[in-house]
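Just input-v8.cif here, mmCIF, C-alpha atoms:
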```
data_query
#
loop_
_atom_site.label_atom_id
_atom_site.label_comp_id
_atom_site.auth_asym_id
_atom_site.auth_seq_id
_atom_site.Cartn_x
_atom_site.Cartn_y
_atom_site.Cartn_z
CA MET A 1 0.00 0.00 0.00
CA LEU A 2 1.23 3.51 -0.88
CA GLN A 3 -0.01 6.70 0.80
CA CYS A 4 0.01 10.37 -0.08
CA ILE A 5 -1.82 13.55 0.94
CA ASN A 6 -3.94 15.36 -1.63
CA SER A 7 -4.43 19.13 -1.83
CA GLN A 8 -7.53 18.98 0.40
CA GLY A 9 -5.64 17.24 3.19
CA TYR A 10 -7.30 13.84 2.60
CA CYS A 11 -5.36 10.62 2.74
CA THR A 12 -5.46 8.48 -0.39
CA GLU A 13 -4.62 4.79 -0.26
CA MET A 14 -3.40 3.12 -3.45
CA TRP A 15 -4.26 -0.56 -3.53
CA SER A 16 -2.84 -3.19 -5.79
CA ASN A 17 -5.90 -3.05 -8.04
CA TYR A 18 -5.29 0.73 -8.55
CA LYS A 19 -8.62 1.73 -6.99
CA PHE A 20 -8.62 4.75 -4.65
CA ARG A 21 -10.47 5.43 -1.40
CA LEU A 22 -10.64 8.86 0.28
CA THR A 23 -10.66 9.13 4.08
CA PRO A 24 -10.83 12.39 6.11
CA PRO A 25 -7.85 13.54 8.21
CA THR A 26 -7.81 11.85 11.61
CA SER A 27 -6.31 14.83 13.47
CA GLY A 28 -9.41 16.97 13.20
CA GLY A 29 -7.15 19.87 12.29
CA THR A 30 -6.03 20.48 15.91
CA LEU A 31 -2.32 20.46 16.70
CA LYS A 32 -1.11 19.52 20.17
CA THR A 33 1.06 22.22 21.73
CA ILE A 34 4.62 21.06 22.24
CA ARG A 35 6.20 22.82 25.21
CA LYS A 36 9.79 23.21 26.30
CA SER A 37 11.06 21.29 29.31
CA ALA A 38 10.14 22.68 32.73
CA LYS A 39 13.87 22.48 33.54
CA LEU A 40 14.29 25.60 31.39
CA ALA A 41 12.04 27.69 33.65
CA ASN A 42 14.97 29.26 35.51
CA VAL A 43 17.36 29.36 32.57
CA CYS A 44 18.29 32.60 30.85
CA TYR A 45 21.20 33.63 28.70
CA ASP A 46 20.45 37.23 27.88
CA ILE A 47 23.93 37.76 26.45
CA ARG A 48 22.27 36.13 23.46
CA GLY A 49 18.66 36.75 24.41
CA PRO A 50 15.73 38.92 23.24
CA ILE A 51 17.91 42.00 22.72
CA MET A 52 20.20 39.95 20.47
CA ASP A 53 17.15 38.77 18.52
CA ALA A 54 16.01 42.37 18.03
CA ALA A 55 19.51 43.38 16.91
CA ARG A 56 19.56 40.57 14.36
CA GLN A 57 16.25 41.72 12.94
CA MET A 58 17.52 45.30 12.73
CA GLU A 59 20.61 44.08 10.87
CA GLU A 60 18.38 42.27 8.38
CA GLU A 61 16.63 45.60 7.83
CA GLY A 62 19.97 47.20 6.97
CA HIS A 63 21.01 48.80 10.26
CA LYS A 64 24.60 48.57 11.48
CA ILE A 65 24.71 47.51 15.14
CA ILE A 66 27.64 48.15 17.49
CA LYS A 67 27.70 45.00 19.63
CA LEU A 68 28.94 45.56 23.15
CA ASN A 69 27.13 42.48 24.48
CA ILE A 70 29.59 39.60 24.15
CA GLY A 71 33.33 38.99 24.46
CA ASN A 72 33.76 37.69 20.91
CA LEU A 73 37.28 38.92 20.25
CA ALA A 74 37.63 37.93 16.59
CA ALA A 75 34.72 40.20 15.64
CA PHE A 76 36.79 43.19 16.78
CA GLY A 77 40.04 42.30 15.02
CA PHE A 78 41.73 40.33 17.81
CA ASP A 79 43.13 37.43 15.79
CA ALA A 80 44.32 34.14 17.24
CA PRO A 81 48.14 33.90 17.30
CA GLU A 82 49.43 32.72 13.92
CA GLU A 83 51.38 29.81 15.42
CA ILE A 84 48.15 28.44 16.89
CA GLN A 85 46.44 28.67 13.51
CA GLN A 86 49.37 26.95 11.80
CA ASP A 87 49.46 24.12 14.34
CA MET A 88 45.78 23.41 13.77
CA ILE A 89 46.25 23.43 10.01
CA ARG A 90 49.23 21.05 10.16
CA ASN A 91 47.35 18.63 12.36
CA LEU A 92 44.07 18.56 10.48
CA PRO A 93 45.06 15.27 8.76
CA ASN A 94 45.35 13.75 12.26
CA SER A 95 41.99 15.07 13.41
CA ALA A 96 39.44 13.02 11.51
CA GLY A 97 38.99 10.31 14.13
CA TYR A 98 37.84 10.44 17.73
CA SER A 99 40.49 11.17 20.31
CA ASP A 100 40.60 9.73 23.81
CA SER A 101 37.44 10.94 25.56
CA LYS A 102 39.54 13.13 27.89
CA GLY A 103 41.59 14.53 25.02
CA ILE A 104 44.85 14.05 23.16
CA PHE A 105 47.99 13.33 25.17
CA ALA A 106 50.04 16.35 24.08
CA ALA A 107 47.34 18.86 25.00
CA ARG A 108 46.57 17.28 28.36
CA LYS A 109 50.27 17.15 29.21
CA ALA A 110 50.58 20.85 28.38
CA VAL A 111 47.64 21.63 30.68
CA MET A 112 49.21 19.52 33.41
CA HIS A 113 52.49 21.46 33.18
CA TYR A 114 50.60 24.78 33.10
CA THR A 115 48.70 23.80 36.23
CA GLN A 116 51.90 22.80 38.00
CA GLN A 117 53.48 26.14 37.08
CA GLN A 118 50.55 27.86 38.77
CA GLY A 119 51.39 26.03 41.98
CA THR A 120 48.64 23.41 42.00
CA LYS A 121 50.05 20.11 43.23
CA GLY A 122 49.13 16.47 42.74
CA VAL A 123 47.63 16.83 39.25
CA THR A 124 48.13 13.92 36.83
CA LEU A 125 47.05 13.38 33.23
CA ASP A 126 44.01 11.46 34.48
CA ASP A 127 42.80 14.62 36.26
CA ILE A 128 42.52 16.62 33.02
CA TYR A 129 39.52 16.73 30.70
CA LEU A 130 39.44 18.64 27.42
CA GLY A 131 36.17 20.06 26.19
CA ASN A 132 34.42 22.20 23.62
CA GLY A 133 35.26 25.32 25.54
CA ALA A 134 34.88 25.71 29.29
CA SER A 135 31.10 25.89 28.86
CA GLU A 136 30.72 22.22 27.92
CA LEU A 137 32.83 21.19 30.90
CA ILE A 138 30.84 23.40 33.29
CA VAL A 139 27.64 21.66 32.24
CA MET A 140 29.32 18.25 32.53
CA ALA A 141 30.65 18.98 36.03
CA THR A 142 27.31 20.21 37.37
CA ASN A 143 25.42 17.31 35.78
CA ALA A 144 27.77 14.83 37.44
CA LEU A 145 27.39 16.43 40.89
CA LEU A 146 23.86 17.72 41.43
CA ASP A 147 20.74 15.75 42.28
CA ASN A 148 17.26 17.28 42.23
CA GLY A 149 17.06 19.90 44.97
CA ASP A 150 20.81 20.12 45.60
CA GLU A 151 22.08 23.67 45.90
CA LEU A 152 25.06 25.34 44.26
CA LEU A 153 26.36 28.68 45.52
CA LEU A 154 26.96 31.16 42.70
CA PRO A 155 28.07 34.80 42.67
CA SER A 156 25.68 37.64 41.95
CA PRO A 157 26.27 39.08 39.46
CA ASP A 158 27.33 35.88 37.72
CA TYR A 159 28.20 34.49 34.33
CA PRO A 160 24.70 33.17 33.52
CA LEU A 161 25.87 29.87 32.08
CA TRP A 162 26.64 28.72 35.63
CA THR A 163 23.11 29.43 36.83
CA ALA A 164 21.66 27.75 33.76
CA ALA A 165 23.88 24.68 34.19
CA ALA A 166 22.85 24.28 37.83
CA SER A 167 19.16 24.51 36.92
CA LEU A 168 19.44 22.09 33.98
CA SER A 169 21.19 19.62 36.29
CA GLY A 170 18.14 19.58 38.54
CA GLY A 171 19.88 21.67 41.18
CA THR A 172 18.93 24.98 42.73
CA PRO A 173 21.21 27.96 42.06
CA VAL A 174 21.68 30.07 45.20
CA HIS A 175 23.33 33.43 44.62
CA TYR A 176 25.70 35.00 47.10
CA LEU A 177 26.30 38.73 46.97
CA CYS A 178 29.39 40.36 45.51
CA ASP A 179 29.80 43.76 47.13
CA GLU A 180 30.15 46.66 44.70
CA ALA A 181 31.22 48.98 47.51
CA ASN A 182 34.12 46.61 48.18
CA GLY A 183 35.35 46.34 44.60
CA TRP A 184 32.87 43.54 43.78
CA MET A 185 34.49 41.16 46.29
CA PRO A 186 32.37 38.19 47.46
CA ASP A 187 30.51 38.82 50.71
CA LEU A 188 31.84 36.04 52.96
CA ASN A 189 29.08 36.47 55.53
CA ASP A 190 26.46 36.13 52.81
CA ILE A 191 28.13 32.94 51.58
CA ARG A 192 28.06 31.46 55.08
CA ALA A 193 24.44 32.49 55.63
CA LYS A 194 23.29 30.72 52.47
CA ILE A 195 24.89 27.33 53.13
CA THR A 196 22.34 24.61 53.93
CA ALA A 197 22.32 20.83 54.23
CA ARG A 198 21.64 20.69 50.47
CA THR A 199 24.63 22.85 49.43
CA LYS A 200 27.11 20.86 47.34
CA GLY A 201 29.59 23.45 46.07
CA ILE A 202 30.74 27.05 45.65
CA VAL A 203 31.45 28.66 42.28
CA VAL A 204 34.21 31.29 42.19
CA ILE A 205 34.67 33.28 38.97
CA ASN A 206 38.10 34.87 39.20
CA PRO A 207 38.98 37.03 37.33
CA ASN A 208 35.32 37.89 37.36
CA ASN A 209 32.85 38.13 34.54
CA PRO A 210 30.92 40.49 34.41
CA THR A 211 32.61 42.88 36.86
CA GLY A 212 36.29 42.57 35.95
CA ALA A 213 37.19 42.12 39.63
CA LEU A 214 40.32 40.21 40.66
CA TYR A 215 40.25 38.49 44.06
CA SER A 216 43.05 38.73 46.59
CA ASP A 217 44.80 35.69 48.02
CA GLU A 218 43.17 36.47 51.38
CA MET A 219 39.70 36.35 49.81
CA LEU A 220 40.44 33.09 48.02
CA LYS A 221 41.81 31.49 51.21
CA ALA A 222 38.71 32.55 53.10
CA ILE A 223 36.45 30.89 50.52
CA VAL A 224 38.60 27.76 50.61
CA GLN A 225 38.19 27.69 54.39
CA ILE A 226 34.40 27.88 54.07
CA ALA A 227 34.45 24.98 51.60
CA ARG A 228 36.73 23.03 53.93
CA GLU A 229 34.47 23.54 56.94
CA HIS A 230 31.31 22.47 55.11
CA GLY A 231 32.71 19.74 52.84
CA LEU A 232 31.89 21.62 49.64
CA VAL A 233 33.32 21.26 46.14
CA LEU A 234 35.09 24.33 44.77
CA PHE A 235 34.43 25.29 41.15
CA ALA A 236 37.04 27.79 39.96
CA ASP A 237 36.24 29.55 36.67
CA GLU A 238 39.60 31.08 35.66
CA VAL A 239 39.04 31.73 31.96
CA TYR A 240 40.46 35.28 32.20
CA ASP A 241 43.55 34.40 34.26
CA LYS A 242 45.92 36.13 31.81
CA VAL A 243 43.75 39.14 30.96
CA LEU A 244 45.12 41.34 33.77
CA TYR A 245 45.79 45.07 33.96
CA ASP A 246 47.98 47.46 35.95
CA GLY A 247 50.50 44.78 36.93
CA ALA A 248 47.87 42.66 38.68
CA ARG A 249 48.68 39.04 39.52
CA HIS A 250 46.27 36.11 39.46
CA THR A 251 46.46 33.25 41.94
CA ALA A 252 45.03 29.89 40.92
CA MET A 253 42.53 28.67 43.49
CA GLY A 254 43.87 25.13 43.09
CA SER A 255 47.21 26.29 44.49
CA LEU A 256 45.47 27.22 47.77
CA SER A 257 43.06 24.29 48.15
CA GLY A 258 45.24 21.19 48.37
CA ASP A 259 42.89 19.47 50.84
CA VAL A 260 39.58 20.54 49.21
CA LEU A 261 38.23 19.02 46.00
CA THR A 262 38.64 21.72 43.36
CA LEU A 263 37.58 21.80 39.72
CA THR A 264 39.32 24.49 37.67
CA PHE A 265 38.00 25.59 34.27
CA ASN A 266 39.94 27.43 31.58
CA SER A 267 40.09 27.76 27.80
CA LEU A 268 41.79 29.30 24.79
CA SER A 269 38.84 31.59 24.05
CA LYS A 270 39.96 34.82 25.73
CA SER A 271 43.69 34.87 26.48
CA TYR A 272 44.39 33.35 23.04
CA ARG A 273 41.56 35.02 21.09
CA SER A 274 40.27 31.64 19.92
CA CYS A 275 36.57 31.64 20.87
CA GLY A 276 35.46 29.68 17.83
CA TYR A 277 38.07 26.95 18.24
CA ARG A 278 36.06 25.62 21.21
CA ALA A 279 39.04 24.36 23.18
CA GLY A 280 38.87 24.30 26.96
CA TRP A 281 39.98 22.19 29.89
CA LEU A 282 38.92 21.05 33.32
CA VAL A 283 41.48 20.15 36.01
CA VAL A 284 40.51 18.13 39.10
CA SER A 285 42.78 18.79 42.07
CA GLY A 286 42.80 18.72 45.86
CA GLU A 287 41.23 15.94 47.94
CA LYS A 288 40.23 13.35 45.34
CA LYS A 289 40.05 10.18 47.46
CA ALA A 290 36.62 10.94 48.87
CA ALA A 291 35.40 11.99 45.42
CA LYS A 292 35.97 8.71 43.56
CA ASP A 293 32.26 8.29 42.83
CA TYR A 294 31.91 11.85 41.55
CA ILE A 295 35.01 11.47 39.37
CA GLU A 296 33.52 8.26 37.99
CA GLY A 297 30.50 10.35 37.01
CA LEU A 298 32.75 12.84 35.21
CA ASN A 299 34.36 9.94 33.35
CA MET A 300 30.97 8.55 32.36
CA LEU A 301 29.81 11.87 30.92
CA SER A 302 33.15 12.42 29.22
CA ASN A 303 32.88 9.02 27.54
CA MET A 304 29.28 9.65 26.46
CA ARG A 305 30.19 12.68 24.38
CA LEU A 306 33.04 10.59 22.77
CA CYS A 307 35.54 13.49 22.65
CA SER A 308 35.79 17.21 22.18
CA ASN A 309 36.69 19.02 18.96
CA VAL A 310 40.01 17.46 17.95
CA PRO A 311 41.40 20.31 15.76
CA GLY A 312 40.94 22.70 18.68
CA GLN A 313 42.78 20.30 20.98
CA TRP A 314 45.87 20.55 18.80
CA ALA A 315 46.05 24.28 19.49
CA ILE A 316 46.38 23.88 23.27
CA GLN A 317 50.00 22.77 23.52
CA THR A 318 51.21 25.55 21.23
CA ALA A 319 49.16 28.17 23.06
CA LEU A 320 50.29 27.27 26.56
CA GLY A 321 53.92 26.78 25.65
CA GLY A 322 54.47 29.57 23.17
CA TYR A 323 54.90 33.33 23.32
CA GLN A 324 52.16 34.90 25.46
CA SER A 325 51.00 37.68 23.15
CA ILE A 326 48.19 38.61 25.54
CA ASN A 327 50.83 40.42 27.61
CA ASP A 328 51.33 42.94 24.82
CA LEU A 329 47.60 43.65 24.68
CA VAL A 330 47.04 44.17 28.41
CA GLY A 331 50.33 45.94 29.27
CA GLU A 332 51.01 49.66 29.28
CA GLY A 333 50.09 51.01 25.86
CA GLY A 334 48.47 47.72 24.78
CA ARG A 335 45.22 47.82 22.87
CA LEU A 336 43.06 46.19 25.55
CA ARG A 337 44.56 48.39 28.25
CA ARG A 338 43.90 51.56 26.22
CA GLN A 339 40.34 50.54 25.46
CA ARG A 340 39.61 49.67 29.07
CA ASP A 341 40.88 53.08 30.19
CA LEU A 342 38.91 54.90 27.51
CA ALA A 343 35.67 53.03 28.16
CA TYR A 344 35.97 53.67 31.88
CA GLU A 345 36.64 57.38 31.32
CA LEU A 346 33.70 57.80 28.95
CA ILE A 347 31.13 55.76 30.83
CA THR A 348 31.83 57.36 34.20
CA ALA A 349 31.60 60.85 32.65
CA ILE A 350 27.88 60.29 32.06
CA PRO A 351 25.79 61.83 34.86
CA GLY A 352 24.41 59.20 37.21
CA VAL A 353 26.64 56.39 35.89
CA THR A 354 29.33 54.90 38.13
CA CYS A 355 31.59 51.91 37.71
CA VAL A 356 34.28 49.99 39.57
CA LYS A 357 37.30 50.06 37.28
CA PRO A 358 38.02 46.49 36.17
CA MET A 359 41.37 44.95 37.03
CA ALA A 360 40.91 42.04 34.64
CA ALA A 361 38.77 40.49 31.88
CA LEU A 362 37.03 42.34 29.03
CA TYR A 363 34.06 43.98 30.73
CA MET A 364 32.85 46.54 33.19
CA PHE A 365 29.61 46.36 35.16
CA ALA A 366 28.27 49.91 35.34
CA ARG A 367 25.64 51.23 37.73
CA LEU A 368 22.76 53.59 36.92
CA ASP A 369 21.61 55.93 39.71
CA ARG A 370 17.93 55.05 40.05
CA THR A 371 17.03 58.55 41.22
CA LEU A 372 17.99 59.72 37.73
CA TYR A 373 17.07 56.51 35.90
CA PRO A 374 13.88 55.09 37.47
CA ILE A 375 13.96 51.88 35.45
CA ALA A 376 11.29 49.26 36.15
CA ASP A 377 12.25 46.68 33.48
CA ASP A 378 15.91 46.85 32.49
CA GLN A 379 15.53 44.42 29.59
CA GLN A 380 12.89 46.67 28.05
CA PHE A 381 15.08 49.71 28.81
CA PHE A 382 18.08 48.34 26.94
CA LEU A 383 15.85 47.13 24.12
CA GLU A 384 14.70 50.74 23.71
CA LEU A 385 18.32 51.88 23.88
CA LEU A 386 19.22 49.45 21.10
CA LYS A 387 16.44 50.67 18.84
CA ASP A 388 17.33 54.32 19.44
CA THR A 389 21.15 54.12 19.34
CA LYS A 390 21.97 50.93 17.39
CA VAL A 391 24.21 49.95 20.33
CA MET A 392 23.66 46.56 21.98
CA LEU A 393 24.31 46.12 25.71
CA VAL A 394 23.20 43.51 28.25
CA GLN A 395 21.08 44.46 31.24
CA GLY A 396 22.27 43.61 34.75
CA THR A 397 19.41 41.24 35.53
CA GLY A 398 20.74 39.06 32.70
CA PHE A 399 23.64 38.33 35.05
CA ASN A 400 21.34 37.45 37.94
CA TRP A 401 21.71 40.84 39.58
CA ALA A 402 18.44 41.54 41.37
CA ALA A 403 17.95 45.28 40.78
CA PRO A 404 17.33 46.84 37.33
CA ASP A 405 20.18 49.31 37.76
CA HIS A 406 23.30 47.83 36.13
CA PHE A 407 24.56 46.85 32.72
CA ARG A 408 27.63 45.14 31.30
CA ILE A 409 29.69 46.83 28.63
CA VAL A 410 32.33 45.07 26.52
CA PHE A 411 35.32 47.29 25.70
CA LEU A 412 36.60 45.30 22.70
CA PRO A 413 35.84 47.74 19.83
CA HIS A 414 38.57 50.05 18.54
CA GLU A 415 38.83 53.40 20.33
CA ASP A 416 36.95 55.36 17.65
CA ASP A 417 34.10 52.86 17.75
CA LEU A 418 34.04 52.97 21.55
CA ARG A 419 33.78 56.76 21.48
CA GLU A 420 30.95 56.55 18.98
CA ALA A 421 29.06 53.84 20.87
CA ILE A 422 29.35 55.34 24.33
CA GLY A 423 28.56 58.78 22.89
CA ARG A 424 25.27 57.43 21.56
CA VAL A 425 24.53 55.81 24.92
CA ALA A 426 25.26 59.11 26.68
CA LYS A 427 22.77 60.97 24.44
CA PHE A 428 20.09 58.35 25.05
CA LEU A 429 20.61 58.57 28.81
CA GLU A 430 20.49 62.36 28.65
CA SER A 431 17.15 62.17 26.87
CA TYR A 432 15.88 59.67 29.42
CA ARG A 433 16.89 61.92 32.33
CA LYS A 434 15.05 64.87 30.80
CA ARG A 435 11.90 62.81 30.29
CA HIS A 436 11.93 61.65 33.91
CA SER A 437 13.22 64.80 35.60
CA ASN A 438 9.79 65.67 36.94
#
```
Taking this structure as input, can you express it in the form of structure tokens?
Amino acid sequence: MLQCINSQGYCTEMWSNYKFRLTPPTSGGTLKTIRKSAKLANVCYDIRGPIMDAARQMEEEGHKIIKLNIGNLAAFGFDAPEEIQQDMIRNLPNSAGYSDSKGIFAARKAVMHYTQQQGTKGVTLDDIYLGNGASELIVMATNALLDNGDELLLPSPDYPLWTAAASLSGGTPVHYLCDEANGWMPDLNDIRAKITARTKGIVVINPNNPTGALYSDEMLKAIVQIAREHGLVLFADEVYDKVLYDGARHTAMGSLSGDVLTLTFNSLSKSYRSCGYRAGWLVVSGEKKAAKDYIEGLNMLSNMRLCSNVPGQWAIQTALGGYQSINDLVGEGGRLRRQRDLAYELITAIPGVTCVKPMAALYMFARLDRTLYPIADDQQFFLELLKDTKVMLVQGTGFNWAAPDHFRIVFLPHEDDLREAIGRVAKFLESYRKRHSN
């Protein structure tokens, strides 16, 4: 029997004797609504959310958008080092098959040596997992740890992938406060107050995204002590560990937490301007004996995804062992340093806008005085700003900051483009102040 659908939606059945019979559609014309999983209820990623969708539509209509929403370095002329590109090209013939689920030997060995240079002890090749950027490994690590109802302590503001990963794992994200008045340092008392019997770990993003804060050794040791006292896993997101300004120095959390299970995440995306290569790593250090079952879970999930992007893996050894060109960009007179200084100068010159000057990373998290900017819905506010100025920013609530009074700005565009973009923002804010002055 053969079937087809005619132009009226009726089903025709062709029998062997070539006679036809018409039967009406069985669905009655009603489609069942297919809904997304309830696990997505607390998931947002407004870095690529509704404002991004609106910007894309505006681009399709012919508008040129200045995108200050995401740290995509290549889009602003920050190319990956040529030696990294060449190493990937040379090794493409060796990249067609699956690698070991944890990654190729040479790359994992390079990560191991890098970790040892940072002062983290006791790390072997078996403790290293390569992934499609740090993001894949963050999701893997939370999936392996959290049961339904388990809690994970996360900073506020945070990098929203962490909150999303905790929610998708069935866990409950609990946000601890980072204190703007104290340079965006974590509030240790708030961390302690939010620990319950269901708390499984603490996430530390250092250098911080979105604030650009860099934590002192004293702060890191205090967080390690809290984890030690409560038997918590430490998750150290250190993706920006080389993007440092004004002679600042980064300390790896793993070097301070030898008796506490610590998972450290890093990648080539930022320090090596290789976002699209999707090459990241996870290092397990500290007290591993009591975590054998959890590590088995990491191995299971690593095996299930077969392996990460193999061409990207080949770039890791060259990146970690070669000339660190990021130093030229962040040092005195370097492009990133100049753009950070300019963005800070311009944004803080706007009435009612303040900002803690970032010591690291690619962002600043600016504050709007609510007496001058009585914003009720910051997503709608920055959507209006986009439509008026053709400049795309991300509202503070997109980083799980409770009040609608902050926004993140990326200072990656060239200086002329930064002046143009922030100038447009300043005019929009001036207009807003006049409209709401009464």
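Minimum distance to Gly322 of chain A across A:Ile51, A:Val394, A:Leu261, A:Ala110 (counting all atoms listed in the file) occurs at A:Ala110.
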- [ ] List the residues matched by the PyMOL selection byres ((chain A and resi 281) around 10) in the displayed structure as an NGL selection string, ordered by chain and then by residue number.
- [x] :A and (102-103 or 107-108 or 111 or 128-138 or 239 or 264-268 or 279-280 or 282-283 or 313 or 316)
- [ ] Evaluate the PyMOL selection byres ((chain A and resi 378-381) around 8) and record the selected residues as a ChimeraX atom specification, following the chain and residue labels used in the document.
- [x] /A:51,375-377,382-385,394-397,404-405
Open item on the list: Taking only C-alpha atoms into account, name the residue in A:Asp237, A:Asp293, A:Glu218, A:Asp259 that is nearest to Trp162 of chain A.
Closed with: A:Asp237
Open item on the list: Residues within 12 Å of Ile226 of chain A, please, as a ChimeraX atom specification. Count only C-alpha atoms; anything in the same chain fewer than 6 positions from it doesn't count.
Closed with: /A:153,188-195,199,201-202,219-220,232-234,257,260
Task: Explicit residues for the PyMOL selection byres ((chain A and resi 165) around 9) (as a ChimeraX atom specification) - done: /A:43,138-140,142-143,160-164,166-171,173
Could you write out that same residue set with C-alpha atoms as a tab-separated table (two decimals), in the coordinates of the input?
```
chain	number	residue	atom	x	y	z
A	43	VAL	CA	17.36	29.36	32.57
A	138	ILE	CA	30.84	23.40	33.29
A	139	VAL	CA	27.64	21.66	32.24
A	140	MET	CA	29.32	18.25	32.53
A	142	THR	CA	27.31	20.21	37.37
A	143	ASN	CA	25.42	17.31	35.78
A	160	PRO	CA	24.70	33.17	33.52
A	161	LEU	CA	25.87	29.87	32.08
A	162	TRP	CA	26.64	28.72	35.63
A	163	THR	CA	23.11	29.43	36.83
A	164	ALA	CA	21.66	27.75	33.76
A	166	ALA	CA	22.85	24.28	37.83
A	167	SER	CA	19.16	24.51	36.92
A	168	LEU	CA	19.44	22.09	33.98
A	169	SER	CA	21.19	19.62	36.29
A	170	GLY	CA	18.14	19.58	38.54
A	171	GLY	CA	19.88	21.67	41.18
A	173	PRO	CA	21.21	27.96	42.06
```
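Closest approach to Lys292 of chain A from the set A:Ile422, A:Ala144, A:Ala38, A:Val391 is made by A:Ala144, with distances taken over only C-alpha atoms.
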Task: One-decimal distance in Å that lies between atom CA of Leu40 of chain A and atom CA of Leu145 of chain A - done: 18.6 Å
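Here the question is which of A:Ile66, A:Met185, A:Ala349, A:Leu320 gets nearest to Thr115 of chain A using only C-alpha atoms, and that residue is A:Leu320.
The nearest approach to Ala197 of chain A among the residues A:Ile326, A:Leu152, A:Ala106, A:Leu342, with all atoms listed in the file taken into account, belongs to A:Leu152.
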Task: Nearest residue to Met364 of chain A from the set A:Leu68, A:Met112, A:Val310, A:Ala291 (distances using only C-alpha atoms) - done: A:Leu68
- [ ] Show me as a PyMOL selection string the residues that reach within 12 Å of (22.4, 44.2, 20.5), counting only C-alpha atoms and using the file's own coordinates.
- [x] chain A and resi 46-59+63-70+379+382-395+409-410+421
Written selection (C-alpha atoms) as a short mmCIF file (atom, residue, chain, number, x, y, z; two decimals), in the frame of the given file:
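Saved the output as out-v7.cif:
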```cif
data_model
loop_
_atom_site.label_atom_id
_atom_site.label_comp_id
_atom_site.auth_asym_id
_atom_site.auth_seq_id
_atom_site.Cartn_x
_atom_site.Cartn_y
_atom_site.Cartn_z
CA ASP A 46 20.45 37.23 27.88
CA ILE A 47 23.93 37.76 26.45
CA ARG A 48 22.27 36.13 23.46
CA GLY A 49 18.66 36.75 24.41
CA PRO A 50 15.73 38.92 23.24
CA ILE A 51 17.91 42.00 22.72
CA MET A 52 20.20 39.95 20.47
CA ASP A 53 17.15 38.77 18.52
CA ALA A 54 16.01 42.37 18.03
CA ALA A 55 19.51 43.38 16.91
CA ARG A 56 19.56 40.57 14.36
CA GLN A 57 16.25 41.72 12.94
CA MET A 58 17.52 45.30 12.73
CA GLU A 59 20.61 44.08 10.87
CA HIS A 63 21.01 48.80 10.26
CA LYS A 64 24.60 48.57 11.48
CA ILE A 65 24.71 47.51 15.14
CA ILE A 66 27.64 48.15 17.49
CA LYS A 67 27.70 45.00 19.63
CA LEU A 68 28.94 45.56 23.15
CA ASN A 69 27.13 42.48 24.48
CA ILE A 70 29.59 39.60 24.15
CA GLN A 379 15.53 44.42 29.59
CA PHE A 382 18.08 48.34 26.94
CA LEU A 383 15.85 47.13 24.12
CA GLU A 384 14.70 50.74 23.71
CA LEU A 385 18.32 51.88 23.88
CA LEU A 386 19.22 49.45 21.10
CA LYS A 387 16.44 50.67 18.84
CA ASP A 388 17.33 54.32 19.44
CA THR A 389 21.15 54.12 19.34
CA LYS A 390 21.97 50.93 17.39
CA VAL A 391 24.21 49.95 20.33
CA MET A 392 23.66 46.56 21.98
CA LEU A 393 24.31 46.12 25.71
CA VAL A 394 23.20 43.51 28.25
CA GLN A 395 21.08 44.46 31.24
CA ILE A 409 29.69 46.83 28.63
CA VAL A 410 32.33 45.07 26.52
CA ALA A 421 29.06 53.84 20.87
#
```
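Residues with at least one atom no more than 6 Å from (46.0, 46.3, 31.8), using all atoms listed in the file, are A:Leu244, A:Tyr245, A:Asp246, A:Val330, A:Gly331, A:Arg337.
Neighbours of Thr120 of chain A closer than or equal to 8 Å, with all atoms listed in the file counted and sequence neighbours fewer than 4 positions away skipped, come out as A:Thr115, A:Gln116, A:Ala252, A:Gly254, A:Ser255, A:Leu256, A:Gly258, A:Ser285.
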Pull the closest atom pair for each residue of segment 238-299 of chain A that gets at most 12 Å from segment 80-101 of chain A, along with the distance in Å to one decimal, counting all atoms listed in the file, ordering rows by chain and then ascending residue number, as JSON lines.
```
{"residue": "A:Leu268", "atom": "CA", "partner": "A:Ala80", "partner_atom": "CA", "distance": 9.3}
{"residue": "A:Ser269", "atom": "CA", "partner": "A:Ala80", "partner_atom": "CA", "distance": 9.1}
{"residue": "A:Lys270", "atom": "CA", "partner": "A:Ala80", "partner_atom": "CA", "distance": 9.6}
{"residue": "A:Ser271", "atom": "CA", "partner": "A:Ala80", "partner_atom": "CA", "distance": 9.3}
{"residue": "A:Tyr272", "atom": "CA", "partner": "A:Ala80", "partner_atom": "CA", "distance": 5.9}
{"residue": "A:Arg273", "atom": "CA", "partner": "A:Ala80", "partner_atom": "CA", "distance": 4.8}
{"residue": "A:Ser274", "atom": "CA", "partner": "A:Ala80", "partner_atom": "CA", "distance": 5.5}
{"residue": "A:Cys275", "atom": "CA", "partner": "A:Ala80", "partner_atom": "CA", "distance": 8.9}
{"residue": "A:Gly276", "atom": "CA", "partner": "A:Ala80", "partner_atom": "CA", "distance": 9.9}
{"residue": "A:Tyr277", "atom": "CA", "partner": "A:Ala80", "partner_atom": "CA", "distance": 9.6}
{"residue": "A:Ala279", "atom": "CA", "partner": "A:Met88", "partner_atom": "CA", "distance": 11.6}
{"residue": "A:Leu298", "atom": "CA", "partner": "A:Ser101", "partner_atom": "CA", "distance": 10.9}
{"residue": "A:Asn299", "atom": "CA", "partner": "A:Ser101", "partner_atom": "CA", "distance": 8.4}
```
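Between atom CA of Asn182 of chain A and atom CA of Leu214 of chain A the interatomic distance comes to 11.7 Å.
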